[in-house]
>>> print(open('model.cif').read())   # mmCIF, C-alpha atoms and all ligand atoms
data_run
loop_
_atom_site.label_atom_id
_atom_site.label_comp_id
_atom_site.auth_asym_id
_atom_site.auth_seq_id
_atom_site.Cartn_x
_atom_site.Cartn_y
_atom_site.Cartn_z
CA MET A 1 0.00 0.00 0.00
CA VAL A 2 1.29 3.44 -0.91
CA GLU A 3 1.00 6.16 1.71
CA LEU A 4 -0.23 9.33 0.02
CA SER A 5 0.92 12.50 1.70
CA GLU A 6 0.89 16.21 0.90
CA ASP A 7 4.43 16.32 2.29
CA ILE A 8 5.82 14.19 -0.55
CA LEU A 9 6.68 15.84 -3.86
CA TYR A 10 6.40 12.97 -6.36
CA ASP A 11 8.46 12.95 -9.54
CA THR A 12 5.59 11.78 -11.74
CA ILE A 13 1.91 11.15 -11.30
CA ILE A 14 0.18 9.20 -14.04
CA VAL A 15 -3.59 9.49 -14.39
CA GLY A 16 -5.14 6.45 -16.06
CA GLY A 17 -4.12 2.79 -16.18
CA GLY A 18 -4.57 1.73 -19.81
CA PRO A 19 -1.72 0.75 -22.16
CA ALA A 20 -0.36 4.34 -22.37
CA GLY A 21 -0.42 4.84 -18.59
CA LEU A 22 1.08 1.47 -17.72
CA THR A 23 3.85 1.98 -20.28
CA ALA A 24 4.60 5.48 -18.97
CA GLY A 25 4.62 3.90 -15.50
CA LEU A 26 7.09 1.23 -16.57
CA TYR A 27 9.48 3.79 -18.07
CA CYS A 28 9.24 6.25 -15.16
CA ALA A 29 9.65 3.56 -12.50
CA ARG A 30 12.56 1.99 -14.36
CA ALA A 31 14.20 5.44 -14.55
CA LYS A 32 13.92 5.48 -10.71
CA LEU A 33 11.40 8.32 -10.66
CA ASN A 34 9.09 8.21 -7.64
CA THR A 35 5.90 7.49 -9.59
CA VAL A 36 2.27 6.89 -8.65
CA LEU A 37 -0.41 5.85 -11.13
CA PHE A 38 -4.04 6.65 -10.27
CA GLU A 39 -6.82 4.61 -11.86
CA LYS A 40 -10.45 4.99 -10.80
CA GLY A 41 -11.73 1.75 -12.37
CA PRO A 42 -10.26 -1.52 -13.60
CA LEU A 43 -6.84 -1.34 -15.26
CA GLY A 44 -6.51 -1.75 -19.03
CA GLY A 45 -8.95 0.86 -20.32
CA GLN A 46 -10.55 -0.15 -23.62
CA ILE A 47 -8.37 -3.25 -24.07
CA ALA A 48 -9.65 -4.67 -20.77
CA ILE A 49 -12.99 -5.06 -22.53
CA THR A 50 -11.52 -6.33 -25.81
CA ASP A 51 -11.72 -10.05 -26.35
CA LEU A 52 -8.71 -10.45 -28.61
CA VAL A 53 -5.96 -7.99 -29.50
CA GLU A 54 -4.64 -9.26 -32.83
CA ASN A 55 -2.44 -6.38 -33.96
CA TYR A 56 -0.15 -5.76 -30.99
CA PRO A 57 3.30 -6.89 -32.15
CA GLY A 58 4.92 -9.85 -30.44
CA PHE A 59 1.79 -11.99 -30.12
CA PRO A 60 1.39 -13.81 -33.44
CA GLU A 61 -1.73 -15.65 -32.27
CA GLY A 62 -3.24 -12.53 -30.66
CA ILE A 63 -3.64 -12.02 -26.93
CA SER A 64 -6.70 -11.33 -24.78
CA GLY A 65 -7.00 -7.74 -23.59
CA LYS A 66 -7.10 -8.96 -19.98
CA GLU A 67 -3.89 -10.95 -20.31
CA LEU A 68 -2.07 -8.10 -22.04
CA THR A 69 -3.14 -5.68 -19.28
CA GLN A 70 -1.90 -8.10 -16.61
CA ARG A 71 1.47 -8.35 -18.35
CA PHE A 72 1.80 -4.54 -18.65
CA LYS A 73 0.96 -4.21 -14.95
CA GLU A 74 3.36 -6.91 -13.74
CA GLN A 75 6.22 -5.47 -15.78
CA ALA A 76 5.67 -1.92 -14.47
CA GLU A 77 5.29 -3.07 -10.86
CA ARG A 78 8.50 -5.11 -11.10
CA PHE A 79 10.33 -1.79 -11.47
CA GLY A 80 8.47 -0.16 -8.59
CA LEU A 81 5.39 1.55 -10.06
CA HIS A 82 2.80 2.29 -7.35
CA ILE A 83 -0.78 1.82 -8.55
CA VAL A 84 -3.52 3.47 -6.50
CA ARG A 85 -7.27 2.98 -7.13
CA LYS A 86 -8.47 6.58 -6.78
CA GLU A 87 -10.10 9.16 -9.02
CA VAL A 88 -8.42 12.43 -9.91
CA SER A 89 -10.86 15.36 -9.92
CA LYS A 90 -8.71 18.41 -10.70
CA ILE A 91 -5.23 19.39 -11.80
CA GLU A 92 -3.61 22.79 -11.31
CA ARG A 93 -0.16 24.28 -11.41
CA GLU A 94 1.23 26.06 -8.34
CA GLY A 95 4.67 27.55 -8.88
CA LYS A 96 6.87 24.77 -10.24
CA GLU A 97 4.63 22.03 -8.86
CA ILE A 98 1.47 20.38 -10.13
CA PHE A 99 -1.30 19.81 -7.59
CA VAL A 100 -3.40 16.73 -8.22
CA HIS A 101 -6.72 16.74 -6.35
CA LEU A 102 -8.42 13.42 -5.69
CA ARG A 103 -12.17 12.82 -5.52
CA THR A 104 -11.63 11.78 -1.86
CA GLY A 105 -10.51 15.34 -1.05
CA GLU A 106 -6.82 14.39 -0.78
CA LEU A 107 -4.13 16.48 -2.48
CA VAL A 108 -0.97 15.05 -4.04
CA ARG A 109 1.95 17.14 -5.33
CA SER A 110 4.16 16.24 -8.24
CA LYS A 111 6.93 17.63 -10.42
CA THR A 112 5.27 16.20 -13.55
CA VAL A 113 1.94 14.62 -14.50
CA ILE A 114 1.16 12.30 -17.42
CA LEU A 115 -2.49 12.14 -18.45
CA THR A 116 -3.46 8.80 -19.97
CA VAL A 117 -7.17 8.96 -19.16
CA GLY A 118 -8.37 7.29 -22.37
CA SER A 119 -11.91 7.41 -23.62
CA ASN A 120 -15.33 5.91 -22.93
CA PRO A 121 -17.99 4.44 -25.23
CA ARG A 122 -20.21 7.07 -26.82
CA ARG A 123 -23.92 6.81 -26.06
CA LEU A 124 -26.63 6.72 -28.73
CA GLY A 125 -28.80 9.11 -26.74
CA VAL A 126 -32.11 7.44 -27.66
CA PRO A 127 -35.11 6.55 -25.48
CA GLY A 128 -34.63 3.21 -23.70
CA GLU A 129 -30.81 3.32 -23.73
CA GLU A 130 -30.42 4.34 -20.06
CA GLU A 131 -33.54 2.44 -18.94
CA PHE A 132 -32.33 -0.91 -20.30
CA LEU A 133 -28.66 -0.54 -19.37
CA ASN A 134 -27.55 -3.97 -18.05
CA ARG A 135 -31.00 -5.29 -19.03
CA GLY A 136 -30.12 -5.85 -22.66
CA VAL A 137 -28.15 -2.69 -23.47
CA SER A 138 -24.37 -3.11 -23.28
CA TYR A 139 -21.15 -1.40 -24.35
CA CYS A 140 -18.93 -4.42 -23.63
CA ALA A 141 -19.17 -7.70 -25.54
CA THR A 142 -16.44 -9.37 -23.48
CA CYS A 143 -18.30 -8.57 -20.25
CA ASP A 144 -21.86 -9.37 -21.31
CA GLY A 145 -21.75 -11.53 -24.47
CA ALA A 146 -22.28 -14.81 -22.63
CA LEU A 147 -25.62 -13.56 -21.26
CA PHE A 148 -27.08 -13.78 -24.78
CA GLU A 149 -26.64 -17.49 -25.45
CA GLY A 150 -28.93 -18.69 -28.24
CA VAL A 151 -30.87 -15.43 -28.70
CA PRO A 152 -30.86 -12.74 -31.43
CA ILE A 153 -29.02 -9.51 -30.70
CA ALA A 154 -28.05 -6.31 -32.49
CA VAL A 155 -24.76 -4.46 -32.74
CA VAL A 156 -24.76 -0.77 -33.66
CA GLY A 157 -21.83 0.86 -35.49
CA GLY A 158 -19.59 0.39 -38.50
CA GLY A 159 -16.06 0.77 -37.10
CA ASP A 160 -13.41 -1.70 -35.96
CA SER A 161 -15.11 -2.16 -32.58
CA ALA A 162 -18.57 -2.94 -33.98
CA THR A 163 -17.22 -5.45 -36.49
CA GLN A 164 -14.69 -7.12 -34.19
CA GLU A 165 -17.21 -7.44 -31.36
CA SER A 166 -19.95 -8.71 -33.73
CA LEU A 167 -17.64 -11.57 -34.65
CA PHE A 168 -17.02 -12.31 -30.96
CA LEU A 169 -20.75 -12.22 -30.19
CA THR A 170 -21.50 -14.92 -32.79
CA ARG A 171 -20.05 -17.36 -30.24
CA PHE A 172 -23.15 -16.85 -28.12
CA ALA A 173 -26.04 -15.25 -30.00
CA SER A 174 -28.25 -17.17 -32.44
CA LYS A 175 -28.06 -14.17 -34.80
CA VAL A 176 -26.19 -10.85 -34.82
CA TYR A 177 -27.73 -7.93 -36.72
CA LEU A 178 -25.08 -5.34 -37.50
CA ILE A 179 -26.90 -2.01 -37.82
CA HIS A 180 -25.10 0.85 -39.49
CA ARG A 181 -26.22 4.32 -40.53
CA ARG A 182 -24.55 4.07 -43.97
CA ASP A 183 -24.07 1.26 -46.52
CA GLN A 184 -20.24 1.37 -46.27
CA ILE A 185 -18.51 0.32 -43.09
CA ARG A 186 -15.25 1.95 -42.10
CA ALA A 187 -13.71 -1.05 -40.32
CA GLN A 188 -10.39 -2.54 -41.46
CA LYS A 189 -10.81 -4.64 -44.62
CA HIS A 190 -9.94 -7.97 -43.04
CA LEU A 191 -12.62 -7.42 -40.36
CA GLN A 192 -15.15 -6.52 -43.06
CA GLU A 193 -14.35 -9.72 -44.94
CA LYS A 194 -14.82 -11.82 -41.81
CA VAL A 195 -18.13 -10.11 -40.99
CA PHE A 196 -19.60 -10.39 -44.47
CA SER A 197 -18.68 -14.07 -44.74
CA ASN A 198 -20.07 -15.02 -41.33
CA PRO A 199 -23.47 -16.72 -41.76
CA LYS A 200 -24.60 -15.65 -38.28
CA ILE A 201 -24.15 -11.92 -39.00
CA GLU A 202 -26.74 -9.98 -41.01
CA PHE A 203 -25.69 -6.50 -42.08
CA ILE A 204 -28.48 -3.92 -41.89
CA PRO A 205 -27.29 -0.80 -43.74
CA ASN A 206 -28.77 2.71 -43.74
CA LYS A 207 -30.57 2.37 -40.42
CA VAL A 208 -30.30 4.14 -37.08
CA VAL A 209 -31.82 3.11 -33.77
CA GLU A 210 -34.69 5.42 -32.92
CA GLU A 211 -35.76 3.70 -29.70
CA ILE A 212 -35.00 0.64 -27.55
CA LYS A 213 -38.17 -1.02 -26.26
CA GLY A 214 -39.05 -3.83 -23.86
CA SER A 215 -40.67 -4.60 -20.51
CA ASP A 216 -38.16 -6.03 -17.99
CA PHE A 217 -35.51 -6.57 -20.66
CA VAL A 218 -34.93 -5.37 -24.21
CA GLU A 219 -37.45 -6.89 -26.63
CA LYS A 220 -37.12 -4.85 -29.82
CA LEU A 221 -35.51 -1.91 -31.56
CA ILE A 222 -37.31 0.76 -33.54
CA LEU A 223 -35.16 1.52 -36.56
CA ARG A 224 -35.32 4.50 -38.89
CA ASP A 225 -34.19 4.23 -42.49
CA THR A 226 -31.64 7.00 -43.08
CA LYS A 227 -32.54 7.27 -46.78
CA LYS A 228 -36.35 6.89 -46.76
CA GLY A 229 -37.14 7.98 -43.21
CA SER A 230 -39.46 4.96 -42.72
CA LEU A 231 -39.66 3.14 -39.38
CA SER A 232 -39.37 -0.61 -38.76
CA GLU A 233 -39.15 -2.99 -35.80
CA LEU A 234 -36.38 -5.48 -35.12
CA PRO A 235 -37.04 -8.08 -32.39
CA VAL A 236 -33.81 -8.67 -30.40
CA GLU A 237 -33.00 -9.49 -26.78
CA GLY A 238 -29.89 -7.37 -26.57
CA VAL A 239 -28.16 -4.44 -28.21
CA PHE A 240 -24.43 -3.74 -28.11
CA ILE A 241 -23.48 -0.17 -28.94
CA PHE A 242 -20.08 0.56 -30.53
CA ILE A 243 -20.41 4.00 -32.09
CA GLY A 244 -17.04 5.42 -31.13
CA LEU A 245 -15.42 6.89 -28.08
CA GLU A 246 -15.41 10.10 -26.09
CA PRO A 247 -12.39 11.29 -24.11
CA ASN A 248 -12.50 11.23 -20.29
CA THR A 249 -11.38 14.82 -20.04
CA SER A 250 -14.33 16.72 -18.53
CA PHE A 251 -12.34 17.26 -15.28
CA LEU A 252 -9.68 19.10 -17.30
CA LYS A 253 -11.93 21.74 -18.89
CA GLY A 254 -10.54 25.19 -18.20
CA SER A 255 -7.12 23.93 -17.04
CA ILE A 256 -5.50 22.90 -20.36
CA LYS A 257 -6.13 23.22 -24.09
CA LEU A 258 -8.59 20.67 -25.48
CA ASP A 259 -9.77 20.36 -29.08
CA ASP A 260 -13.42 20.89 -30.05
CA LYS A 261 -14.22 17.24 -29.24
CA GLY A 262 -12.56 17.41 -25.82
CA TYR A 263 -9.32 15.58 -26.72
CA ILE A 264 -6.11 16.94 -25.17
CA ILE A 265 -3.93 19.00 -27.51
CA THR A 266 -0.21 18.17 -27.29
CA ASP A 267 2.86 18.69 -29.41
CA GLU A 268 4.72 15.71 -30.90
CA ARG A 269 6.63 15.27 -27.61
CA MET A 270 3.30 14.80 -25.74
CA LYS A 271 3.56 18.20 -24.02
CA THR A 272 0.23 19.85 -23.17
CA SER A 273 -0.44 23.56 -22.74
CA MET A 274 0.56 23.31 -19.04
CA GLU A 275 4.27 23.08 -18.24
CA GLY A 276 5.21 19.73 -16.71
CA LEU A 277 1.96 18.14 -17.87
CA PHE A 278 2.01 15.52 -20.63
CA ALA A 279 -0.70 13.43 -22.29
CA ALA A 280 -0.60 10.15 -24.20
CA GLY A 281 -2.89 7.54 -25.73
CA ASP A 282 -6.57 7.71 -26.64
CA CYS A 283 -7.25 10.97 -24.72
CA ARG A 284 -4.87 12.87 -27.00
CA SER A 285 -6.06 14.89 -29.98
CA GLY A 286 -5.40 12.81 -33.12
CA ALA A 287 -5.56 9.47 -31.27
CA THR A 288 -5.63 6.39 -33.48
CA GLY A 289 -7.19 3.95 -31.01
CA GLN A 290 -4.26 1.54 -31.41
CA VAL A 291 -2.55 -0.14 -28.46
CA ALA A 292 0.81 0.06 -30.22
CA VAL A 293 0.46 3.83 -30.59
CA ALA A 294 -0.70 4.33 -26.99
CA VAL A 295 2.30 2.35 -25.76
CA GLY A 296 4.69 4.43 -27.92
CA GLU A 297 3.17 7.70 -26.73
CA GLY A 298 3.32 6.58 -23.09
CA CYS A 299 7.01 5.91 -23.60
CA ILE A 300 7.63 9.36 -25.16
CA ALA A 301 5.71 11.10 -22.36
CA ALA A 302 7.77 9.31 -19.71
CA ILE A 303 11.07 10.21 -21.38
CA GLU A 304 9.97 13.84 -21.71
CA ALA A 305 8.86 13.95 -18.06
CA GLU A 306 12.27 12.69 -16.97
CA ARG A 307 14.02 15.34 -19.12
CA TYR A 308 11.77 18.06 -17.77
CA ILE A 309 12.58 17.10 -14.16
CA GLU A 310 16.31 17.21 -14.90
CA GLU A 311 16.01 20.66 -16.47
CA VAL A 312 13.60 22.33 -14.04
CA PHE A 313 14.27 20.79 -10.59
P1 LIG B 401 -15.09 4.59 -34.75
O1 LIG B 401 -13.99 4.08 -35.57
O2 LIG B 401 -15.18 6.05 -34.42
O3 LIG B 401 -16.45 4.13 -35.44
C1 LIG B 401 -17.68 4.53 -34.94
C2 LIG B 401 -18.77 3.97 -35.84
O4 LIG B 401 -20.04 4.31 -35.26
C3 LIG B 401 -18.74 4.59 -37.23
O5 LIG B 401 -19.02 3.58 -38.17
C4 LIG B 401 -19.84 5.64 -37.18
O6 LIG B 401 -20.50 5.78 -38.40
C5 LIG B 401 -20.82 5.06 -36.20
N1 LIG B 401 -21.54 6.08 -35.44
C6 LIG B 401 -21.04 7.16 -34.80
N2 LIG B 401 -22.00 7.85 -34.18
C7 LIG B 401 -23.16 7.21 -34.47
C8 LIG B 401 -24.51 7.44 -34.10
N3 LIG B 401 -24.88 8.47 -33.34
N4 LIG B 401 -25.43 6.56 -34.56
C9 LIG B 401 -25.08 5.52 -35.33
N5 LIG B 401 -23.81 5.24 -35.70
C10 LIG B 401 -22.86 6.08 -35.26
O7 LIG B 401 -15.16 3.87 -33.31
P2 LIG B 401 -14.63 2.42 -32.82
O8 LIG B 401 -15.03 1.36 -33.76
O9 LIG B 401 -15.09 2.32 -31.40
O10 LIG B 401 -13.07 2.58 -32.83
C11 LIG B 401 -12.43 3.61 -32.06
C12 LIG B 401 -10.94 3.60 -32.37
O11 LIG B 401 -10.37 2.38 -31.89
C13 LIG B 401 -10.67 3.63 -33.88
O12 LIG B 401 -9.55 4.41 -34.10
C14 LIG B 401 -10.43 2.18 -34.22
O13 LIG B 401 -9.59 2.01 -35.35
C15 LIG B 401 -9.77 1.67 -32.94
N6 LIG B 401 -9.97 0.22 -32.78
C16 LIG B 401 -9.06 -0.60 -33.35
C17 LIG B 401 -9.21 -1.98 -33.26
C18 LIG B 401 -8.20 -2.86 -33.91
O14 LIG B 401 -7.15 -2.36 -34.32
N7 LIG B 401 -8.44 -4.14 -34.03
C19 LIG B 401 -10.33 -2.52 -32.60
C20 LIG B 401 -11.26 -1.65 -32.04
C21 LIG B 401 -11.07 -0.28 -32.15
P3 LIG B 401 -19.83 6.48 -39.70
O15 LIG B 401 -18.88 5.44 -40.24
O16 LIG B 401 -20.97 6.78 -40.57
O17 LIG B 401 -19.13 7.70 -39.17
#
>>> encode(input="model.cif", output="C-alpha cells", more="lines below")
Ligand code: NAP
Amino acid sequence: MVELSEDILYDTIIVGGGPAGLTAGLYCARAKLNTVLFEKGPLGGQIAITDLVENYPGFPEGISGKELTQRFKEQAERFGLHIVRKEVSKIEREGKEIFVHLRTGELVRSKTVILTVGSNPRRLGVPGEEEFLNRGVSYCATCDGALFEGVPIAVVGGGDSATQESLFLTRFASKVYLIHRRDQIRAQKHLQEKVFSNPKIEFIPNKVVEEIKGSDFVEKLILRDTKKGSLSELPVEGVFIFIGLEPNTSFLKGSIKLDDKGYIITDERMKTSMEGLFAAGDCRSGATGQVAVAVGEGCIAAIEAERYIEEVF
C-alpha cells in the first residue's frame, strides 16, 4: 500500500491505467522516478474489454485484452510503479509544482503529470438506452456476451469495434444484426471480410436506432431508415453499442487546451499547454485507437517527463 501524503513531492503522477499509462509507469519507475499511477476503475482501459488484441506486435496468435493488461501491470510493478485505485478530480499548477486533487478530497503534489485517461464508449442518446442498461443494453461484448446465449441480438456501429465485437458475439447469439447508418462500413478490410462471410451476421445498412423497447428486458428496436425515413421494428434481446469513443477529459476543462471534441492537444513530444503536464494515448487529440500507438506515446511522455525534471528541478 502506498502512503499518500501532501508532504511528498512525487516525480511523476500518471492518471489512467490503460496501455499508455502502464507503459509510462514502466518507463518512469525503471528510470527510478518516484511514480504513482491513479486509476479509478479496472486497469486496461478499452483493451480490458476487448476479447482479442490481434495487432499488438509480439503476439502472433493474438492475446486477450485482460492478459495483455496483466502483463503490462506486472512489468511496471516489477520496477516499482505504485498503482492506487483513486479518481483524480482536478489538476492545477502552483509555482513549479502540479497539484493533483483526488475525488476523496486528498491532495498530491508532483513535479510532472502524465495524463493517460483514455476514452469511454459514446452513447446513442435514444429513449430506452439508459432504462435498459444492463438489461439488454451493453457497451462491452467481453463482459456481457455470454448472457445472450442462443438469442438474437443487435450491434450498432460500423467501425473496428462494432465489427470485431460482432464476430465475438456470434459465439453466443443465435443471430447478430449489424446495424449501421450508412451502406459502407469503415472497419479494417480484413474485419469486413470476416463479418460479411459469417453466416450468423446480417448486415443492416442505412438504419439508425430510434428507440429501444421492452418490458423487464430489451425486446425490440425501432429503426429508422436514413434514406427513406421509414420506421421498422427489429425483435432482439440485446443491443451492443459501438459508435465510437469520447475522451474522459471533462475534469480538465478550463485547465488545459482541449480540441473541439474534448481531446487533449499536445505537441509531438506529448507536451500539453501546461508546463510539466504531458498526455498520451486515446485521450490525445489525433488518437488512433491503437494499443501500439498508446504504448509508444506513453514511452515518449515518460522520457519527456524525466528530461523536464532534470532541467527544471
Ligand atoms: P469509430 O472508428 O469512431 O467508429 C464509430 C462507428 O459508429 C462509425 O461507423 C460511425 O458511423 C458510427 N456512429 C457514430 N456515431 C453514431 C450514431 N450516433 N449513430 C449511429 N452510428 C454512429 O469507433 P470504434 O469502432 O469504437 O473505434 C475507435 C478507435 O479504436 C478507432 O480508431 C479504431 O480504429 C480503434 N480500434 C481498433 C481496433 C483494432 O485495431 N483491431 C479494434 C477496435 C477499435 P460512420 O462510419 O458513418 O461515421
>>> closest_residue(input="model.cif", among="A:Ile241, A:Ala280, A:Val84, A:Ala301", to="ligand LIG 401 (chain B)", atoms="only C-alpha atoms and all ligand atoms")
A:Ile241
>>> residues_around(input="model.cif", residues="range 204-217 of chain A", least_positions_apart="5", cutoff="8 Å", atoms="only C-alpha atoms", output="list in words")
Val126, Pro127, Gly128, Glu129, Phe132, Arg135, Gly136, Tyr177, Leu178, Ile179, His180, Arg181, Arg182, Asp183, Gln184, Ile222, Leu223, Arg224, Asp225, Thr226, Lys227 and Glu237 of chain A
>>> residues_near_ligand(input="model.cif", ligand="ligand LIG 401 (chain B)", cutoff="8 Å", atoms="only C-alpha atoms and all ligand atoms", output="ChimeraX atom specification")
/A:50,53-55,121-125,156-164,180-182,184-188,208-209,242-245,287-291
>>> atom_distance(input="model.cif", atom1="CA of Asp259 in chain A", atom2="CA of Cys299 in chain A")
22.8 Å
>>> residues_around(input="model.cif", residues="Thr112 in chain A", least_positions_apart="6", cutoff="10 Å", atoms="only C-alpha atoms", output="count of residues only")
22
>>> atom_distance(input="model.cif", atom1="CA of Asn198 in chain A", atom2="CA of Val176 in chain A")
9.9 Å
>>> closest_residue(input="model.cif", among="A:Thr104, A:Val195, A:Gly118, A:Ala141", to="Ser285 in chain A", atoms="all atoms listed in the file")
A:Gly118
>>> closest_residue(input="model.cif", among="A:Leu102, A:Ile49, A:Leu231, A:Ile63", to="Gly145 in chain A", atoms="all atoms listed in the file")
A:Ile49
>>> closest_residue(input="model.cif", among="A:Gly58, A:Gly238, A:Pro199, A:Gly44", to="Asn134 in chain A", atoms="only C-alpha atoms")
A:Gly238
>>> atom_distance(input="model.cif", atom1="CA of Phe38 in chain A", atom2="CA of His82 in chain A")
8.6 Å
>>> closest_residue(input="model.cif", among="A:Ile153, A:Arg71, A:Ser197, A:Val117", to="Val137 in chain A", atoms="only C-alpha atoms")
A:Ile153
>>> residues_around(input="model.cif", residues="Pro152 in chain A", least_positions_apart="4", cutoff="12 Å", atoms="all atoms listed in the file", output="MDAnalysis selection string")
chainID A and resid 136 145 147:148 166 169:178 200:202 218:221 234:240
>>> residues_around(input="model.cif", residues="range 17-31 of chain A", least_positions_apart="3", cutoff="6 Å", atoms="only C-alpha atoms", output="number ranges by chain")
A: 39, 43-45, 76, 79-81, 116, 281, 294-295, 298-299, 302
>>> closest_residue(input="model.cif", among="A:Glu106, A:Asp51, A:Leu33, A:Lys40", to="Glu3 in chain A", atoms="all atoms listed in the file")
A:Glu106
>>> axis_aligned_box(input="model.cif", around="range 184-200 of chain A", padding_each_side="3 Å", output="AutoDock Vina command-line options")
--center_x -17.3 --center_y -7.4 --center_z -42.3 --size_x 20.7 --size_y 24.7 --size_z 14.0
>>> decode(input="model.cif", residues="range 212-219 of chain A", atoms="all heavy atoms", output="PDB file, in the first residue's frame")
ATOM      1  N   ILE A 212     -35.197   2.012 -28.046  1.00  0.00           N
ATOM      2  CA  ILE A 212     -35.004   0.640 -27.550  1.00  0.00           C
ATOM      3  C   ILE A 212     -36.198   0.332 -26.658  1.00  0.00           C
ATOM      4  O   ILE A 212     -36.483   1.081 -25.722  1.00  0.00           O
ATOM      5  CB  ILE A 212     -33.680   0.537 -26.757  1.00  0.00           C
ATOM      6  CG1 ILE A 212     -32.499   0.914 -27.665  1.00  0.00           C
ATOM      7  CG2 ILE A 212     -33.512  -0.864 -26.164  1.00  0.00           C
ATOM      8  CD1 ILE A 212     -31.184   1.163 -26.949  1.00  0.00           C
ATOM      9  N   LYS A 213     -36.915  -0.743 -26.980  1.00  0.00           N
ATOM     10  CA  LYS A 213     -38.166  -1.018 -26.260  1.00  0.00           C
ATOM     11  C   LYS A 213     -38.148  -2.386 -25.594  1.00  0.00           C
ATOM     12  O   LYS A 213     -37.436  -3.288 -26.043  1.00  0.00           O
ATOM     13  CB  LYS A 213     -39.356  -0.956 -27.232  1.00  0.00           C
ATOM     14  CG  LYS A 213     -39.718   0.455 -27.645  1.00  0.00           C
ATOM     15  CD  LYS A 213     -40.996   0.444 -28.441  1.00  0.00           C
ATOM     16  CE  LYS A 213     -41.811   1.694 -28.144  1.00  0.00           C
ATOM     17  NZ  LYS A 213     -43.042   1.732 -28.904  1.00  0.00           N
ATOM     18  N   GLY A 214     -38.936  -2.544 -24.549  1.00  0.00           N
ATOM     19  CA  GLY A 214     -39.055  -3.829 -23.863  1.00  0.00           C
ATOM     20  C   GLY A 214     -39.944  -3.691 -22.659  1.00  0.00           C
ATOM     21  O   GLY A 214     -40.602  -2.646 -22.472  1.00  0.00           O
ATOM     22  N   SER A 215     -39.971  -4.738 -21.799  1.00  0.00           N
ATOM     23  CA  SER A 215     -40.672  -4.600 -20.513  1.00  0.00           C
ATOM     24  C   SER A 215     -39.610  -4.680 -19.414  1.00  0.00           C
ATOM     25  O   SER A 215     -39.068  -3.663 -19.020  1.00  0.00           O
ATOM     26  CB  SER A 215     -41.786  -5.635 -20.373  1.00  0.00           C
ATOM     27  OG  SER A 215     -41.348  -6.910 -20.805  1.00  0.00           O
ATOM     28  N   ASP A 216     -39.260  -5.928 -18.962  1.00  0.00           N
ATOM     29  CA  ASP A 216     -38.163  -6.029 -17.992  1.00  0.00           C
ATOM     30  C   ASP A 216     -36.814  -5.921 -18.698  1.00  0.00           C
ATOM     31  O   ASP A 216     -35.865  -5.350 -18.181  1.00  0.00           O
ATOM     32  CB  ASP A 216     -38.227  -7.365 -17.255  1.00  0.00           C
ATOM     33  CG  ASP A 216     -39.346  -7.368 -16.234  1.00  0.00           C
ATOM     34  OD1 ASP A 216     -39.820  -6.261 -15.914  1.00  0.00           O
ATOM     35  OD2 ASP A 216     -39.749  -8.451 -15.789  1.00  0.00           O
ATOM     36  N   PHE A 217     -36.746  -6.556 -19.867  1.00  0.00           N
ATOM     37  CA  PHE A 217     -35.514  -6.571 -20.658  1.00  0.00           C
ATOM     38  C   PHE A 217     -35.822  -6.065 -22.070  1.00  0.00           C
ATOM     39  O   PHE A 217     -36.982  -5.970 -22.449  1.00  0.00           O
ATOM     40  CB  PHE A 217     -34.944  -7.999 -20.732  1.00  0.00           C
ATOM     41  CG  PHE A 217     -34.456  -8.489 -19.407  1.00  0.00           C
ATOM     42  CD1 PHE A 217     -35.306  -9.174 -18.547  1.00  0.00           C
ATOM     43  CD2 PHE A 217     -33.148  -8.251 -18.995  1.00  0.00           C
ATOM     44  CE1 PHE A 217     -34.859  -9.608 -17.309  1.00  0.00           C
ATOM     45  CE2 PHE A 217     -32.701  -8.677 -17.758  1.00  0.00           C
ATOM     46  CZ  PHE A 217     -33.551  -9.350 -16.916  1.00  0.00           C
ATOM     47  N   VAL A 218     -34.756  -5.811 -22.824  1.00  0.00           N
ATOM     48  CA  VAL A 218     -34.933  -5.367 -24.215  1.00  0.00           C
ATOM     49  C   VAL A 218     -35.715  -6.424 -25.003  1.00  0.00           C
ATOM     50  O   VAL A 218     -35.451  -7.624 -24.876  1.00  0.00           O
ATOM     51  CB  VAL A 218     -33.553  -5.157 -24.884  1.00  0.00           C
ATOM     52  CG1 VAL A 218     -33.696  -4.963 -26.389  1.00  0.00           C
ATOM     53  CG2 VAL A 218     -32.831  -3.963 -24.263  1.00  0.00           C
ATOM     54  N   GLU A 219     -36.676  -5.971 -25.790  1.00  0.00           N
ATOM     55  CA  GLU A 219     -37.447  -6.893 -26.633  1.00  0.00           C
ATOM     56  C   GLU A 219     -37.350  -6.540 -28.114  1.00  0.00           C
ATOM     57  O   GLU A 219     -37.409  -7.403 -28.969  1.00  0.00           O
ATOM     58  CB  GLU A 219     -38.921  -6.912 -26.192  1.00  0.00           C
ATOM     59  CG  GLU A 219     -39.095  -7.611 -24.848  1.00  0.00           C
ATOM     60  CD  GLU A 219     -40.475  -7.449 -24.259  1.00  0.00           C
ATOM     61  OE1 GLU A 219     -41.358  -6.854 -24.924  1.00  0.00           O
ATOM     62  OE2 GLU A 219     -40.665  -7.922 -23.123  1.00  0.00           O
TER      63      GLU A 219
END
